[in-house]
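**Q** For reference, this is protein-v8.cif, and it has mmCIF, C-alpha atoms.
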```cif
data_input
#
loop_
_atom_site.label_atom_id
_atom_site.label_comp_id
_atom_site.auth_asym_id
_atom_site.auth_seq_id
_atom_site.Cartn_x
_atom_site.Cartn_y
_atom_site.Cartn_z
CA MET A 1 63.12 -22.25 80.67
CA ASP A 2 61.65 -25.49 82.01
CA LYS A 3 58.14 -26.81 81.46
CA LEU A 4 56.91 -25.73 84.90
CA LYS A 5 57.90 -22.10 84.31
CA ILE A 6 56.26 -21.98 80.86
CA VAL A 7 53.00 -23.45 82.20
CA SER A 8 53.11 -21.04 85.17
CA TYR A 9 53.56 -18.01 82.89
CA LEU A 10 50.65 -19.18 80.74
CA ILE A 11 48.35 -19.69 83.74
CA LEU A 12 49.35 -16.34 85.26
CA ILE A 13 48.64 -14.48 82.01
CA ILE A 14 45.26 -16.23 81.57
CA SER A 15 44.34 -15.55 85.23
CA VAL A 16 45.27 -11.86 85.11
CA VAL A 17 43.43 -11.36 81.81
CA ALA A 18 40.31 -13.12 83.16
CA ILE A 19 40.30 -11.08 86.38
CA ILE A 20 40.78 -7.78 84.49
CA TYR A 21 38.01 -8.81 82.06
CA ALA A 22 35.65 -9.43 84.99
CA LEU A 23 36.66 -6.09 86.53
CA LEU A 24 36.07 -4.06 83.36
CA PHE A 25 32.95 -5.68 81.92
CA ASN A 26 29.53 -6.18 83.43
CA LEU A 27 29.18 -9.96 83.49
CA ALA A 28 26.53 -12.24 84.96
CA ASN A 29 27.08 -12.94 88.65
CA TRP A 30 27.79 -16.64 88.21
CA VAL A 31 30.50 -15.86 85.62
CA VAL A 32 32.20 -13.44 88.05
CA TYR A 33 32.03 -16.06 90.84
CA ALA A 34 33.45 -18.74 88.54
CA ILE A 35 36.30 -16.46 87.45
CA SER A 36 37.07 -15.58 91.09
CA ILE A 37 37.00 -19.16 92.33
CA ILE A 38 39.20 -20.49 89.52
CA PHE A 39 41.53 -17.65 88.61
CA ILE A 40 42.35 -15.98 91.96
CA PRO A 41 43.89 -19.20 93.39
CA SER A 42 45.51 -20.22 90.09
CA GLY A 43 46.92 -16.70 89.62
CA ILE A 44 48.51 -16.72 93.09
CA LEU A 45 49.91 -20.24 92.63
CA SER A 46 51.36 -19.54 89.18
CA PHE A 47 52.90 -16.28 90.43
CA GLY A 48 54.48 -18.23 93.28
CA LEU A 49 55.84 -20.90 90.94
CA ILE A 50 57.46 -18.16 88.84
CA VAL A 51 59.08 -16.20 91.69
CA MET A 52 60.17 -19.15 93.86
CA ALA A 53 63.89 -19.74 94.08
CA ARG A 54 65.27 -22.99 92.64
CA GLY A 55 68.50 -24.59 93.83
CA PRO A 56 71.27 -25.72 91.47
CA LYS A 57 70.31 -28.77 89.35
CA ASP A 58 72.87 -31.14 90.91
CA GLU A 59 71.83 -30.14 94.45
CA GLU A 60 68.17 -30.65 93.61
CA LYS A 61 68.84 -34.23 92.57
CA GLU A 62 70.45 -34.86 95.94
CA LYS A 63 67.49 -33.34 97.77
CA THR A 64 64.90 -35.48 96.06
CA ARG A 65 66.88 -38.75 95.97
CA GLU A 66 66.48 -39.74 99.63
CA PRO A 67 63.32 -38.10 100.89
CA PHE A 68 62.92 -40.48 103.83
CA ILE A 69 66.18 -39.86 105.69
CA GLY A 70 65.36 -39.28 109.33
CA TYR A 71 62.75 -41.88 110.20
CA MET B 1 34.72 -8.61 91.03
CA ALA B 2 36.36 -5.71 92.86
CA ASN B 3 34.21 -6.56 95.90
CA ILE B 4 35.42 -10.18 95.86
CA LEU B 5 39.08 -9.19 95.41
CA LEU B 6 38.81 -6.69 98.27
CA ASN B 7 37.14 -9.21 100.58
CA VAL B 8 39.72 -11.91 99.80
CA LEU B 9 42.54 -9.43 100.48
CA ILE B 10 40.96 -8.29 103.76
CA ALA B 11 40.39 -11.93 104.80
CA PHE B 12 44.04 -12.78 104.11
CA LEU B 13 45.49 -9.72 105.88
CA VAL B 14 43.19 -9.80 108.92
CA GLY B 15 43.48 -13.60 109.25
CA SER B 16 47.30 -13.41 109.12
CA VAL B 17 47.51 -10.63 111.70
CA LEU B 18 45.07 -12.48 114.00
CA PHE B 19 47.26 -15.59 113.79
CA GLY B 20 50.25 -13.40 114.67
CA LEU B 21 48.33 -11.86 117.57
CA GLN B 22 47.51 -15.34 118.83
CA ARG B 23 51.16 -16.37 118.84
CA LYS B 24 52.14 -13.14 120.60
CA ILE B 25 49.55 -13.63 123.37
CA MET B 26 50.47 -17.30 123.78
CA ALA B 27 54.14 -16.33 124.11
CA ARG B 28 53.43 -13.64 126.73
CA ILE B 29 51.36 -16.09 128.80
CA GLN B 30 54.27 -18.53 128.63
CA MET B 31 56.71 -15.75 129.75
CA ARG B 32 58.38 -15.46 126.32
CA PRO B 33 58.71 -12.25 124.30
CA GLY B 34 57.21 -13.96 121.24
CA PRO B 35 57.40 -12.97 117.57
CA PRO B 36 56.04 -9.65 116.24
CA VAL B 37 52.30 -9.62 115.52
CA ILE B 38 52.93 -9.41 111.76
CA GLN B 39 55.28 -12.43 111.83
CA HIS B 40 52.71 -14.84 110.35
CA LEU B 41 52.05 -12.45 107.49
CA LEU B 42 55.78 -11.96 106.87
CA HIS B 43 56.36 -15.75 106.93
CA THR B 44 53.60 -16.29 104.40
CA LEU B 45 55.11 -13.77 101.99
CA LYS B 46 58.68 -14.89 102.66
CA PHE B 47 57.94 -18.52 101.78
CA PHE B 48 56.96 -17.44 98.26
CA ILE B 49 60.53 -16.46 97.42
CA LYS B 50 62.26 -19.23 99.38
CA GLU B 51 64.02 -22.03 97.55
CA SER B 52 61.51 -24.77 96.80
CA SER B 53 61.87 -28.32 95.57
CA PHE B 54 59.34 -31.10 95.25
CA PRO B 55 59.92 -34.52 96.85
CA LYS B 56 60.45 -37.41 94.49
CA THR B 57 57.77 -39.40 96.30
CA ALA B 58 55.16 -36.65 95.85
CA ALA B 59 52.16 -37.61 93.71
CA MET B 60 52.49 -34.91 91.02
CA PRO B 61 50.58 -32.87 89.98
CA PHE B 62 48.17 -33.73 92.80
CA TYR B 63 50.73 -32.61 95.38
CA ILE B 64 50.59 -29.03 93.98
CA ALA B 65 46.91 -29.08 92.97
CA ILE B 66 45.74 -29.90 96.49
CA THR B 67 47.24 -26.62 97.77
CA ALA B 68 45.26 -24.77 95.09
CA MET B 69 42.15 -26.66 96.20
CA LEU B 70 42.49 -25.23 99.73
CA CYS B 71 42.65 -21.71 98.27
CA VAL B 72 39.71 -22.42 95.93
CA ILE B 73 37.41 -23.54 98.76
CA TRP B 74 38.18 -20.59 101.04
CA VAL B 75 37.86 -18.03 98.23
CA SER B 76 34.47 -19.69 97.62
CA ALA B 77 33.70 -19.24 101.33
CA VAL B 78 34.45 -15.52 101.05
CA ILE B 79 31.97 -15.32 98.15
CA VAL B 80 29.31 -17.32 100.03
CA GLY B 81 29.92 -15.30 103.22
CA PRO B 82 30.71 -11.57 103.20
CA VAL B 83 30.05 -11.05 99.46
CA THR B 84 26.65 -12.72 98.90
CA GLU B 85 25.55 -13.74 102.43
CA GLY B 86 24.43 -17.06 100.96
CA SER B 87 23.64 -20.43 102.49
CA LEU B 88 25.25 -21.84 105.62
CA LEU B 89 25.02 -25.28 104.01
CA LEU B 90 27.65 -24.20 101.50
CA ILE B 91 29.93 -23.16 104.37
CA PHE B 92 29.39 -26.65 105.81
CA ALA B 93 30.32 -28.19 102.45
CA ILE B 94 33.44 -26.03 102.28
CA TYR B 95 34.46 -27.12 105.78
CA ALA B 96 33.94 -30.77 104.83
CA ILE B 97 36.15 -30.29 101.75
CA HIS B 98 38.77 -28.66 104.01
CA LYS B 99 38.99 -31.98 105.89
CA ILE B 100 39.41 -33.80 102.57
CA VAL B 101 42.19 -31.37 101.60
CA GLU B 102 43.98 -32.06 104.90
CA HIS B 103 43.69 -35.76 104.17
CA ASN B 104 44.88 -35.54 100.58
CA ALA B 105 47.70 -33.04 101.23
CA GLY B 106 49.11 -35.52 103.72
CA SER B 107 48.76 -38.55 101.48
CA SER B 108 49.98 -36.85 98.28
CA SER B 109 53.35 -35.86 99.76
CA GLY B 110 54.56 -39.41 100.36
CA SER B 111 55.86 -38.46 103.81
CA PRO B 112 55.06 -40.81 106.72
CA TYR B 113 54.23 -37.79 108.87
CA GLY B 114 51.84 -36.55 106.20
CA LYS B 115 50.23 -39.98 105.98
CA LEU B 116 49.75 -40.13 109.74
CA SER B 117 48.21 -36.66 109.59
CA CYS B 118 45.91 -37.73 106.77
CA VAL B 119 44.62 -40.58 108.93
CA ARG B 120 44.10 -38.12 111.78
CA ALA B 121 42.20 -35.78 109.41
CA VAL B 122 39.64 -38.53 108.78
CA PHE B 123 39.59 -39.33 112.49
CA SER B 124 39.01 -35.68 113.47
CA ALA B 125 36.35 -35.23 110.78
CA SER B 126 34.26 -37.80 112.65
CA ALA B 127 34.18 -35.37 115.59
CA GLU B 128 34.16 -32.00 113.83
CA VAL B 129 31.38 -32.79 111.38
CA PRO B 130 28.92 -33.65 114.23
CA LEU B 131 29.78 -30.24 115.69
CA PHE B 132 28.43 -28.78 112.47
CA ALA B 133 25.03 -30.15 113.56
CA VAL B 134 24.85 -26.67 115.02
CA LEU B 135 23.34 -25.79 111.62
CA ILE B 136 20.18 -27.80 112.26
CA ILE B 137 19.72 -26.05 115.61
CA ILE B 138 20.03 -22.68 113.87
CA TYR B 139 17.48 -23.89 111.30
CA PHE B 140 15.03 -25.00 114.01
CA LYS B 141 15.36 -21.60 115.66
CA THR B 142 15.29 -19.29 112.64
CA GLY B 143 13.59 -21.41 109.95
CA THR B 144 16.31 -20.57 107.43
CA MET B 145 19.85 -21.50 106.42
CA VAL B 146 20.51 -18.31 104.46
CA ILE B 147 22.93 -15.97 106.24
CA SER B 148 21.14 -12.74 105.18
CA ASN B 149 17.85 -14.12 106.57
CA ILE B 150 19.56 -15.13 109.82
CA ILE B 151 20.89 -11.55 110.13
CA ASN B 152 17.35 -10.22 109.61
CA PHE B 153 15.99 -12.68 112.18
CA GLN B 154 18.49 -11.42 114.75
CA ALA B 155 17.68 -7.80 113.96
CA THR B 156 14.11 -8.41 115.15
CA ASN B 157 14.60 -11.18 117.77
CA GLY B 158 18.02 -10.39 119.24
CA PRO B 159 21.35 -12.25 118.88
CA LEU B 160 21.15 -16.05 118.67
CA ILE B 161 23.99 -16.38 121.18
CA TYR B 162 21.43 -15.60 123.94
CA SER B 163 18.73 -18.00 122.73
CA ILE B 164 20.95 -20.95 121.64
CA PRO B 165 24.18 -20.48 123.66
CA LEU B 166 25.12 -24.17 123.53
CA ALA B 167 25.05 -24.08 119.73
CA ALA B 168 27.40 -21.07 119.86
CA ALA B 169 29.68 -23.01 122.22
CA MET B 170 29.69 -25.95 119.77
CA PHE B 171 30.68 -23.67 116.92
CA PHE B 172 33.39 -22.11 119.09
CA VAL B 173 34.87 -25.59 119.71
CA LEU B 174 34.87 -26.06 115.94
CA ILE B 175 36.76 -22.77 115.51
CA LEU B 176 39.16 -23.79 118.26
CA SER B 177 40.01 -27.01 116.44
CA LYS B 178 41.22 -24.99 113.44
CA ALA B 179 43.58 -22.78 115.47
CA PRO B 180 47.29 -23.63 115.42
CA TYR B 181 48.56 -25.13 118.73
CA SER B 182 44.97 -25.77 119.85
CA PRO B 183 44.22 -28.83 122.04
CA PHE B 184 42.24 -30.29 119.14
CA ALA B 185 44.79 -29.58 116.36
CA ILE B 186 45.76 -33.23 116.07
CA THR B 187 46.35 -33.09 112.30
CA LYS B 188 49.22 -30.65 112.91
CA GLY B 189 50.41 -32.06 116.25
CA LYS B 190 54.12 -31.53 116.84
CA ASP B 191 54.57 -35.29 117.35
CA ILE B 192 54.10 -35.57 113.58
CA ILE B 193 56.28 -32.49 112.79
CA SER B 194 53.87 -30.28 110.79
CA GLY B 195 51.39 -33.02 109.92
CA TYR B 196 50.01 -32.84 106.39
CA GLU B 197 52.14 -29.74 105.71
CA THR B 198 55.45 -31.43 106.55
CA GLU B 199 56.49 -31.96 102.92
CA HIS B 200 54.85 -28.78 101.64
CA PHE B 201 57.62 -26.25 102.14
CA GLY B 202 58.74 -23.05 100.43
CA LEU B 203 56.19 -21.62 98.03
CA LEU B 204 53.56 -24.30 98.71
CA ARG B 205 53.75 -23.71 102.49
CA GLY B 206 53.27 -19.97 101.93
CA TYR B 207 50.28 -20.76 99.70
CA LEU B 208 48.76 -23.07 102.33
CA MET B 209 49.33 -20.46 105.07
CA MET B 210 47.59 -17.85 102.93
CA SER B 211 44.52 -20.09 102.57
CA GLU B 212 44.56 -20.93 106.29
CA SER B 213 44.53 -17.22 107.14
CA ILE B 214 41.46 -16.76 104.93
CA ALA B 215 39.90 -19.83 106.60
CA TRP B 216 40.49 -18.40 110.08
CA TYR B 217 38.94 -15.05 109.12
CA MET B 218 35.95 -16.82 107.57
CA LEU B 219 35.26 -19.07 110.57
CA LEU B 220 35.31 -16.04 112.89
CA TRP B 221 33.12 -14.10 110.44
CA VAL B 222 30.55 -16.91 110.33
CA PHE B 223 30.51 -17.16 114.15
CA LEU B 224 29.99 -13.42 114.62
CA THR B 225 27.41 -13.12 111.84
CA VAL B 226 25.36 -16.16 112.78
CA PHE B 227 25.37 -15.73 116.57
CA ILE B 228 25.57 -11.96 117.02
CA GLY B 229 24.21 -10.57 113.76
CA GLY B 230 25.32 -8.22 111.01
CA LEU B 231 27.97 -5.90 112.42
CA SER B 232 29.87 -2.88 111.14
CA PRO B 233 33.44 -3.59 109.92
CA LEU B 234 34.89 -2.12 113.14
CA TRP B 235 32.76 -4.40 115.36
CA TYR B 236 33.65 -7.40 113.21
CA LEU B 237 37.31 -6.57 113.83
CA VAL B 238 36.73 -6.13 117.58
CA GLY B 239 34.81 -9.43 117.71
CA MET B 240 37.51 -11.28 115.78
CA VAL B 241 40.25 -9.92 118.03
CA CYS B 242 38.26 -10.95 121.15
CA LEU B 243 37.69 -14.48 119.83
CA SER B 244 41.36 -14.83 118.81
CA VAL B 245 42.48 -13.65 122.28
CA ILE B 246 40.21 -16.23 123.98
CA VAL B 247 41.53 -18.95 121.65
CA ALA B 248 45.12 -17.85 122.41
CA PHE B 249 44.49 -18.17 126.17
CA ILE B 250 43.09 -21.67 125.73
CA ASN B 251 45.94 -22.73 123.44
CA ALA B 252 48.64 -21.31 125.70
CA THR B 253 47.39 -23.14 128.77
CA THR B 254 46.30 -26.45 127.23
CA PRO B 255 48.52 -29.13 125.69
CA ILE B 256 47.58 -30.73 122.39
CA LEU B 257 45.42 -33.70 123.31
CA SER B 258 46.11 -37.19 122.08
CA PRO B 259 43.93 -38.04 119.05
CA ASN B 260 41.63 -40.31 121.10
CA HIS B 261 41.08 -37.72 123.82
CA SER B 262 40.61 -34.92 121.28
CA ILE B 263 37.91 -36.83 119.41
CA MET B 264 36.13 -37.97 122.58
CA MET B 265 36.11 -34.44 123.98
CA GLN B 266 34.76 -32.94 120.74
CA VAL B 267 32.09 -35.64 120.42
CA SER B 268 31.12 -34.99 124.07
CA PHE B 269 30.78 -31.26 123.29
CA ALA B 270 28.67 -32.13 120.25
CA ILE B 271 26.31 -34.44 122.21
CA VAL B 272 25.90 -31.98 125.10
CA GLY B 273 25.45 -29.11 122.60
CA ILE B 274 22.87 -30.85 120.41
CA VAL B 275 20.79 -32.38 123.23
CA GLY B 276 21.03 -29.24 125.38
CA SER B 277 20.05 -26.95 122.51
CA LEU B 278 17.07 -29.13 121.57
CA VAL B 279 15.91 -29.09 125.20
CA LEU B 280 16.34 -25.30 125.29
CA LEU B 281 14.35 -24.97 122.05
CA LEU B 282 11.51 -27.12 123.41
CA TYR B 283 11.15 -25.31 126.73
#
```
What's the structure tokens form of this structure?

**A**
Amino acid sequence: MDKLKIVSYLILIISVVAIIYALLFNLANWVVYAISIIFIPSGILSFGLIVMARGPKDEEKEKTREPFIGY
Amino acid sequence: MANILLNVLIAFLVGSVLFGLQRKIMARIQMRPGPPVIQHLLHTLKFFIKESSFPKTAAMPFYIAITAMLCVIWVSAVIVGPVTEGSLLLIFAIYAIHKIVEHNAGSSSGSPYGKLSCVRAVFSASAEVPLFAVLIIIYFKTGTMVISNIINFQATNGPLIYSIPLAAAMFFVLILSKAPYSPFAITKGKDIISGYETEHFGLLRGYLMMSESIAWYMLLWVFLTVFIGGLSPLWYLVGMVCLSVIVAFINATTPILSPNHSIMMQVSFAIVGIVGSLVLLLY
């Protein structure tokens, strides 16, 4: 598993735990807002980074080598 | 928390379907069958599982973080708007950060199209931010910037759209500039492919589209709330559909303007709106 996947799993777990914590416990309003603003976007992004498809390693090198072809 | 989650989900779903509706209406006007109404929503979800790779020239991790920033600001808008009915000034701040996100998403990708779009984002901000002077007109009229107080003001004095119609028109032009294919959508003009989103494909495109759907819902929500008043969920939906249909008609029949013309037209709207509204307020 590469570094990106490990970090994504960590962020997803932290985000889900924080959101569930805010759902279950009666926190101050500003804490709930802070959790929503930080962890809803980071949860969605980390979920996306986990489920996105990755091409084969050798193909990926080719894709990123010449990003400016076409202009 | 459940309230916030529910509102964010509603904003995403309604915003996506309204974007789909817009494309459908535009297609019918242009004698095409057009995609299904839920196409925008399906695209957003589909991009999450598409193969993604990151360009070598992208400024990592900024290239990914800027997409999260767009989501952060519009989730904040949902909290300031439907959840707490807070200050309009915060909505203004969020809109200003949206322009910064457009700029930085374009520059962080390393693509020449993105860079051109990022220049246009700064250029268009010079016209769209004056349109937000609509806030001062609302303040002069109601004596408050807090959305809940503006709703109360309208409950006793009638909708603001009747007393300050030019301010409503200014805000509508602002909404129009955020619609895809609009005459003022110079940051995503087809001459620069997809503008600042050109190099954000796959998952990151889906993520950006999700935030844009929330942004569209929020802009319509602010318009309806500030100029018509607090509505029931059904009337909000009817109002949003009406506004999206009007925007679709304009977009279908108007080409995207060149950056110079777009800015000049928006600035003209802003000047006429501000001066006209002040005259209306005085007399």

**Q** Give as a PyMOL selection string every residue of chain A that touches chain B within 6 Å, counting only C-alpha atoms.

**A** chain A and resi 23+37+41+48+51-54+64

**Q** Out of B:Leu257, B:Leu9, B:Leu131, B:Val119, which residue has the shortest atom-to-atom distance to B:Ala96 when counting only C-alpha atoms?

**A**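 Nearest to B:Ala96: B:Leu131.
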
**Q** Grab all the atoms of stretch 103-106 of chain B that the file lists, wrap them in a box along x, y and z, add 8 Å per side, and give me centre plus edge lengths in Å (one decimal) as AutoDock Vina command-line options.

**A**
```
--center_x 46.4 --center_y -34.4 --center_z 102.4 --size_x 21.4 --size_y 18.7 --size_z 19.6
```

**Q** When you draw a straight line from atom CA of B:Ala168 to atom CA of B:Ile186, how long is it in Å?

**A**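 Atom CA of B:Ile186 lies 22.3 Å from atom CA of B:Ala168.
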
**Q** Between atom CA of B:Phe184 and atom CA of B:Ser262, what is the distance, to one decimal in Å?

**A** 5.4 Å

**Q** On this structure, which residues satisfy the PyMOL selection byres ((chain A and resi 19) around 8), written as a ChimeraX atom specification?

**A** /A:15-18,20-23,35-36,39-40 /B:1

**Q** I'd like the contact shell of B:Tyr139 - 12 Å cut-off, all atoms listed in the file, skipping same-chain residues fewer than 5 positions apart - returned as a list in words.

**A**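 Returned residues: Ser87, Leu88, Leu89, Ala133, Val134, Thr144, Met145, Val146, Ile147, Asn149, Ile150, Phe153, Leu160, Ile164, Ala167, Val226, Ser277, Leu278 and Leu281 of chain B.
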
**Q** Generate a file of the selected residues that holds C-alpha atoms, formatted as a tab-separated table (two decimals), in the coordinates of the input.

**A**
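Output file part-v8.tsv follows:
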```
chain	number	residue	atom	x	y	z
B	87	SER	CA	23.64	-20.43	102.49
B	88	LEU	CA	25.25	-21.84	105.62
B	89	LEU	CA	25.02	-25.28	104.01
B	133	ALA	CA	25.03	-30.15	113.56
B	134	VAL	CA	24.85	-26.67	115.02
B	144	THR	CA	16.31	-20.57	107.43
B	145	MET	CA	19.85	-21.50	106.42
B	146	VAL	CA	20.51	-18.31	104.46
B	147	ILE	CA	22.93	-15.97	106.24
B	149	ASN	CA	17.85	-14.12	106.57
B	150	ILE	CA	19.56	-15.13	109.82
B	153	PHE	CA	15.99	-12.68	112.18
B	160	LEU	CA	21.15	-16.05	118.67
B	164	ILE	CA	20.95	-20.95	121.64
B	167	ALA	CA	25.05	-24.08	119.73
B	226	VAL	CA	25.36	-16.16	112.78
B	277	SER	CA	20.05	-26.95	122.51
B	278	LEU	CA	17.07	-29.13	121.57
B	281	LEU	CA	14.35	-24.97	122.05
```

**Q** I want to know what sits within 9 Å of B:Leu176, based on only C-alpha atoms, with residues of the same chain fewer than 4 positions away left out; could you give that as a PDB file with C-alpha atoms, keeping the file's coordinate frame?

**A**
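The resulting file, around_15.pdb, is reproduced below:
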```pdb
ATOM      1  CA  PHE B 171      30.680 -23.670 116.920  1.00  0.00           C
ATOM      2  CA  PHE B 172      33.390 -22.110 119.090  1.00  0.00           C
ATOM      3  CA  PRO B 180      47.290 -23.630 115.420  1.00  0.00           C
ATOM      4  CA  SER B 182      44.970 -25.770 119.850  1.00  0.00           C
ATOM      5  CA  PRO B 183      44.220 -28.830 122.040  1.00  0.00           C
ATOM      6  CA  PHE B 184      42.240 -30.290 119.140  1.00  0.00           C
ATOM      7  CA  ALA B 185      44.790 -29.580 116.360  1.00  0.00           C
ATOM      8  CA  VAL B 247      41.530 -18.950 121.650  1.00  0.00           C
ATOM      9  CA  ILE B 250      43.090 -21.670 125.730  1.00  0.00           C
ATOM     10  CA  ASN B 251      45.940 -22.730 123.440  1.00  0.00           C
TER      11      ASN B 251
END
```

**Q** Check which residues satisfy the PyMOL selection byres ((chain B and resi 221) around 9) in the file shown, then give them as number ranges by chain.

**A** B: 81-82, 216-220, 222-226, 236, 239-240

**Q** Ranking B:Met170, B:Ile66, B:Leu116, B:Ala125 by minimum distance to B:Lys99 and counting all atoms listed in the file, which one comes first?

**A** B:Ala125

**Q** So how many Å separate atom CA of B:Met265 and atom CA of B:Cys118, to one decimal?

**A**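 Separation of atom CA of B:Met265 and atom CA of B:Cys118: 20.1 Å.
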
**Q** I'd like to know which of A:Ile14, A:Ala34, A:Ala28, A:Leu4 is closest to A:Ile50, using only C-alpha atoms.

**A**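 Result for the nearest residue to A:Ile50: A:Leu4.
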